[in-house]
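Student: Below you will find the structure I want to go over with you.
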Amino acid sequence: MEAVRLAGLSKSRVMAGLQCHKLLWWMVHEPTAPELELDDQAQATMDRGSRVGEIARSYVPGGVAIDLPHNAYDERVAITRQALEDHAPVVYEAAFRAGDVFVAVDILKRDGRSFRLIEVKSTTSVKDHHIPDVAVQAHVLRQNGLDLASTEVMHLNRECTYPDLSNLFVRSDVTEEASAIEASVPRLIAEQTAMLQGPVPDVPIGPHCTTPYECPFMARCWSTLPPHHVSTLYAMRRRALELDEQGYRTIYDLPEDVPLGPIADRQRRAVQEGRMIVEPTLARALDVFVPAIAFLDFETVGLAVPVWEGCHPYDAVPVQFSCHVQEADGRVTHHEWLAGGPEDPRPALAERLVQACEGTRTVVAYNAGFERGRIEQMAEALPALAEPLRSIVDRLVDLLPIVRNHVYHPDFGGSFGLKSVLPALVPEVGYDGLTIADGATASLELERLLFSGEVMEPDARQQLRSDLRRYCHQDTWGLVKLLERLRQLDMEPGRSEARGQ
């Protein structure tokens, strides 16, 4: 027991244990494991949560902040106790310990002789996993003798519209839901504590590996899976785990009488036959691509707290685009635009976008619903450009379902994301040599460029802009080459292409 006390349990660790005992065991026994080192995306998520938490305090003002290093547990508990003895009306990051569990409450508000526990989340709604989070805190506070009148989740409000941030947050009462779970918290903590005394527990893979968060140790548990494990079946992860339990380890093992959806069935045929499947229906599907064709891709930022007129929390606002235009004779020209600072990027971007697409008959995007939504939002925000922007929407064609519904290459691995499709069908268009090689990183770097660019060294800023341009350019050039490849396949729809050729 002493070893666990030394390692300590916190609210976040208890929550990890609710997701998976093996995850918690590794977190406690291997706290310096490389998997637990925060990458840029994870750090950005934590930073965003911290910023939202700090802003939330201004909506419940007049409090005392327990502003000490996160691992100064005893000091934080002691100062919290003093703040409560001094009758502070509100305490931010109020710290408590009960047994082996330490918690810090985002906002603890005095309510007469009772208290209100307010958990701040940077989401736009109450999620299922927020309830046990609150229940663990409530249990620890009651163990410290506090009378809790209610518990709340304070989250961002999607209806909030900049510049009026008066309704940036919604406070949702979860007292009843949290109370229903709170009674089981002592048992859950005891189970976790006992588990931590033994060897690493044996927990099979399952939906909990990615719910509510992707486990940082995924590679440890999933690395032993053979190629084309049934979990790679398209859109069938939950059922795939059942198939695994029934003895169907890989797609090779699946007989024809195991029913699959049409796309997963095409995947099964491609894997088992070791070739790319090209359906004869591809020919008609390609008829919609009429030149001149604009190939379009946006990169966006989605700020938790909006800063541009008419925007809401987490609106994905385009701040960069790339557009390759291919004429009927095959000639290709490239257009691009990248924001330079914190000013609203939409007016200038929309104007350049309209110019780039002028005269084209088809506008192509991959997973085009995203581009469609962004253009429609710009049309709403920019009435002067609404007509030409909506004309682009009217010409928009999605390349993703063309691939998904008519082609399968074994190297897709069950995914139709562009980063899976291009290496298999157009291997000469790759991302390996790029400094920025995925959309999530691009969004993170764009936010840094726009809102922290003035503190960057000029050379570093210029290099970042170049890296962002190269990445966005590669996305649309990849679409040009992908459509060319699909047209080649259309000319030979019946051929069998051996895998890897």
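Following the order of the structure tokens, first chain is A, next is B, and so on, with residues numbered from 1 inside each chain and ligands from 1 in the order they appear.
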Which parts of range 234-464 of chain A does DSSP call strand (DSSP E or B) when run on the backbone here, written out as a VMD selection string?

Tutor: chain A and resid 250 275 to 278 293 to 302 316 to 326 332 to 338 362 to 365 396 to 398 407 to 408

Student: As a list of chain:residue names, please: the residues near range 28-41 of chain A (cut-off 8 Å, only C-alpha atoms, same-chain neighbours under 4 positions excluded).

Tutor: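 Contacts, with the query itself left out: A:Ala7, A:Gly8, A:Leu24, A:Thr45, A:Leu196, A:Pro216, A:Phe217, A:Ala440, A:Thr441, A:Leu444.
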
Student: Please, could you write that set of residues out with C-alpha atoms as a PDB file, in the first residue's frame?

Tutor:
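To be explicit, this is the file written out as selection16.pdb:
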ATOM      1  CA  ALA A   7       3.037   7.180  -6.370  1.00  0.00           C
ATOM      2  CA  GLY A   8      -0.243   8.855  -5.579  1.00  0.00           C
ATOM      3  CA  LEU A  24      -3.386   3.326 -15.105  1.00  0.00           C
ATOM      4  CA  THR A  45      -4.798  20.673 -26.084  1.00  0.00           C
ATOM      5  CA  LEU A 196      -1.677  -1.301  -8.636  1.00  0.00           C
ATOM      6  CA  PRO A 216      -0.977   6.664 -25.283  1.00  0.00           C
ATOM      7  CA  PHE A 217       0.093   3.026 -24.926  1.00  0.00           C
ATOM      8  CA  ALA A 440      -3.572  18.774 -37.353  1.00  0.00           C
ATOM      9  CA  THR A 441       0.030  19.984 -37.294  1.00  0.00           C
ATOM     10  CA  LEU A 444      -1.441  24.155 -34.816  1.00  0.00           C
TER      11      LEU A 444
END

Student: Using only C-alpha atoms, which residues of range 286-393 of chain A come within 10 Å of range 139-160 of chain A, and what is the closest atom pair for each, with the distance in Å to one decimal? Give it as a Markdown table, sorted by chain and residue number.

Tutor:
| residue | atom | partner | partner_atom | distance |
| --- | --- | --- | --- | --- |
| A:Ala304 | CA | A:Leu156 | CA | 7.9 |
| A:Val305 | CA | A:Leu156 | CA | 8.4 |
| A:Pro306 | CA | A:Cys160 | CA | 8.7 |
| A:Gly310 | CA | A:Cys160 | CA | 9.0 |
| A:Cys311 | CA | A:Cys160 | CA | 8.1 |
| A:His312 | CA | A:Cys160 | CA | 5.6 |
| A:Pro313 | CA | A:Arg158 | CA | 5.5 |
| A:Tyr314 | CA | A:Arg158 | CA | 7.8 |
| A:Asp315 | CA | A:Arg158 | CA | 8.7 |

Student: So how far away is CA of Val105 in chain A from CA of Gln137 in chain A, in Å?

Tutor: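 Taking CA of Gln137 in chain A as the start and CA of Val105 in chain A as the end point, the length is 7.1 Å.
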
Student: What separation in Å, quoted to one decimal, exists between CA of Leu349 in chain A and CA of Arg448 in chain A?

Tutor: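 Atom-to-atom, CA of Leu349 in chain A to CA of Arg448 in chain A, that is 18.6 Å.
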
Student: Looking at A:Ile131, A:Cys20, A:Cys215, A:Leu233, which one is nearest to Thr175 in chain A, with distances taken over only C-alpha atoms?

Tutor: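 Smallest distance to Thr175 in chain A is found for A:Ile131.
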
Student: Using DSSP secondary structure from the backbone, list all helix (DSSP H, G or I) positions within range 358-466 of chain A, as a compact mmCIF listing (two decimals) with C-alpha atoms, in the first residue's frame.

Tutor:
# COMPACT_ATOMS: atom_id res chain seq x y z
CA GLY A 369 -18.25 18.58 -46.98
CA PHE A 370 -15.56 20.37 -45.03
CA GLU A 371 -14.74 22.82 -47.82
CA ARG A 372 -18.45 23.28 -48.53
CA GLY A 373 -19.12 24.26 -44.93
CA ARG A 374 -16.26 26.75 -44.86
CA ILE A 375 -17.33 28.43 -48.10
CA GLU A 376 -20.95 28.66 -46.97
CA GLN A 377 -19.83 30.27 -43.71
CA MET A 378 -17.76 32.81 -45.62
CA ALA A 379 -20.71 33.55 -47.91
CA GLU A 380 -22.81 34.27 -44.83
CA ALA A 381 -20.14 36.53 -43.33
CA PRO A 383 -22.45 39.42 -48.37
CA ALA A 384 -20.54 41.21 -51.13
CA LEU A 385 -18.94 37.91 -52.16
CA ALA A 386 -21.86 35.64 -51.34
CA GLU A 387 -22.96 35.03 -54.94
CA PRO A 388 -19.57 33.95 -56.38
CA LEU A 389 -18.81 31.92 -53.24
CA ARG A 390 -22.10 30.02 -53.52
CA SER A 391 -21.34 29.45 -57.18
CA ILE A 392 -18.20 27.60 -56.06
CA VAL A 393 -20.33 25.50 -53.73
CA ASP A 394 -22.64 24.62 -56.61
CA LEU A 400 -13.43 10.81 -51.54
CA PRO A 401 -16.64 8.81 -52.29
CA ILE A 402 -15.36 8.17 -55.82
CA VAL A 403 -12.46 6.25 -54.32
CA ARG A 404 -14.45 4.74 -51.45
CA ASN A 405 -17.28 3.39 -53.59
CA HIS A 406 -15.34 2.13 -56.57
CA PRO A 410 -4.88 -3.54 -49.95
CA ASP A 411 -2.51 -0.84 -48.73
CA PHE A 412 -5.41 1.44 -47.77
CA LEU A 418 -5.96 11.10 -48.29
CA LYS A 419 -2.78 10.16 -46.41
CA SER A 420 -3.73 6.48 -46.85
CA VAL A 421 -5.02 6.66 -50.42
CA LEU A 422 -2.24 8.69 -52.05
CA PRO A 423 0.71 6.44 -51.06
CA ALA A 424 -1.15 3.42 -52.45
CA LEU A 425 -2.44 4.92 -55.69
CA GLY A 439 -3.63 18.78 -41.14
CA ALA A 440 -3.57 18.77 -37.35
CA THR A 441 0.03 19.98 -37.29
CA ALA A 442 -0.76 22.56 -39.97
CA SER A 443 -3.64 23.96 -37.90
CA LEU A 444 -1.44 24.16 -34.82
CA GLU A 445 1.34 25.93 -36.71
CA LEU A 446 -1.09 28.30 -38.39
CA GLU A 447 -2.43 29.38 -35.01
CA ARG A 448 1.13 29.96 -33.86
CA LEU A 449 1.96 31.92 -37.00
CA LEU A 450 -1.11 34.14 -36.80
CA PHE A 451 -1.12 34.89 -33.09
CA SER A 452 2.53 34.55 -32.06
CA GLY A 453 4.28 35.32 -35.33
CA GLU A 454 5.35 38.78 -34.22
CA VAL A 455 7.65 37.28 -31.56
CA PRO A 458 12.06 36.71 -39.19
CA ASP A 459 13.89 33.73 -40.70
CA ALA A 460 11.89 31.26 -38.58
CA ARG A 461 8.65 32.97 -39.51
CA GLN A 462 9.50 32.89 -43.20
CA GLN A 463 10.49 29.21 -42.97
CA LEU A 464 7.20 28.37 -41.27
CA ARG A 465 5.23 30.12 -43.99
CA SER A 466 7.19 28.18 -46.60

Student: I'd like the contact shell of Ala285 in chain A - 12 Å cut-off, only C-alpha atoms, skipping same-chain residues fewer than 2 positions apart - returned as a ChimeraX atom specification.

Tutor: /A:279-283,287-290,397-407,483,486-487,490

Student: Given the choices A:Val319, A:Ala294, A:Ala264, A:Val134, which gets closest to Ile181 in chain A if the distance is worked out from only C-alpha atoms?

Tutor: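 Smallest separation from Ile181 in chain A among the options: A:Val134.
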
Student: In Å to one decimal, how far is CA of Arg51 in chain A from CA of Leu18 in chain A?

Tutor: 26.5 Å

Student: Give me the residues within 12 Å of Glu242 in chain A as a list in words, counting only C-alpha atoms and dropping any in the same chain fewer than 5 places off.

Tutor: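 Counting only C-alpha atoms, the residues come to Ile205, Gly206, Pro207, Val230, Ser231, Met236, Arg237, Gly247, Tyr248 and Arg249 of chain A.
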
Student: Would you export the selected residues with N, CA, C and O atoms as a JSON list (two decimals), in the first residue's frame, please?

Tutor:
[["chain", "number", "residue", "atom", "x", "y", "z"],
["A", 205, "ILE", "N", -7.68, -5.83, -25.80],
["A", 205, "ILE", "CA", -8.00, -4.63, -26.56],
["A", 205, "ILE", "C", -9.51, -4.55, -26.78],
["A", 205, "ILE", "O", -10.22, -5.55, -26.71],
["A", 206, "GLY", "N", -10.00, -3.34, -27.01],
["A", 206, "GLY", "CA", -11.43, -3.15, -27.21],
["A", 206, "GLY", "C", -11.74, -1.69, -27.45],
["A", 206, "GLY", "O", -10.83, -0.86, -27.61],
["A", 207, "PRO", "N", -13.01, -1.33, -27.45],
["A", 207, "PRO", "CA", -13.40, 0.06, -27.68],
["A", 207, "PRO", "C", -12.79, 1.03, -26.68],
["A", 207, "PRO", "O", -12.59, 2.21, -26.99],
["A", 230, "VAL", "N", -8.65, -8.01, -38.39],
["A", 230, "VAL", "CA", -10.04, -7.65, -38.68],
["A", 230, "VAL", "C", -10.40, -6.25, -38.16],
["A", 230, "VAL", "O", -11.37, -5.65, -38.62],
["A", 231, "SER", "N", -9.61, -5.72, -37.23],
["A", 231, "SER", "CA", -9.89, -4.37, -36.73],
["A", 231, "SER", "C", -9.67, -3.32, -37.81],
["A", 231, "SER", "O", -10.09, -2.17, -37.65],
["A", 236, "MET", "N", -15.90, -0.82, -39.19],
["A", 236, "MET", "CA", -16.44, -1.99, -38.49],
["A", 236, "MET", "C", -15.62, -2.34, -37.24],
["A", 236, "MET", "O", -15.53, -3.50, -36.87],
["A", 237, "ARG", "N", -15.03, -1.33, -36.57],
["A", 237, "ARG", "CA", -14.13, -1.66, -35.48],
["A", 237, "ARG", "C", -14.83, -2.43, -34.37],
["A", 237, "ARG", "O", -14.30, -3.42, -33.87],
["A", 247, "GLY", "N", -12.73, -16.06, -33.56],
["A", 247, "GLY", "CA", -11.65, -16.80, -34.18],
["A", 247, "GLY", "C", -11.24, -16.30, -35.55],
["A", 247, "GLY", "O", -10.33, -16.87, -36.17],
["A", 248, "TYR", "N", -11.88, -15.25, -36.03],
["A", 248, "TYR", "CA", -11.49, -14.67, -37.30],
["A", 248, "TYR", "C", -10.44, -13.60, -37.03],
["A", 248, "TYR", "O", -10.74, -12.43, -36.82],
["A", 249, "ARG", "N", -9.19, -14.00, -37.05],
["A", 249, "ARG", "CA", -8.11, -13.11, -36.63],
["A", 249, "ARG", "C", -7.81, -12.04, -37.67],
["A", 249, "ARG", "O", -7.64, -10.88, -37.33]]

Student: Of the residues A:Val60, A:Ala16, A:Met491, A:Ala194, which is the one nearest to Phe169 in chain A, using only C-alpha atoms?

Tutor: A:Val60
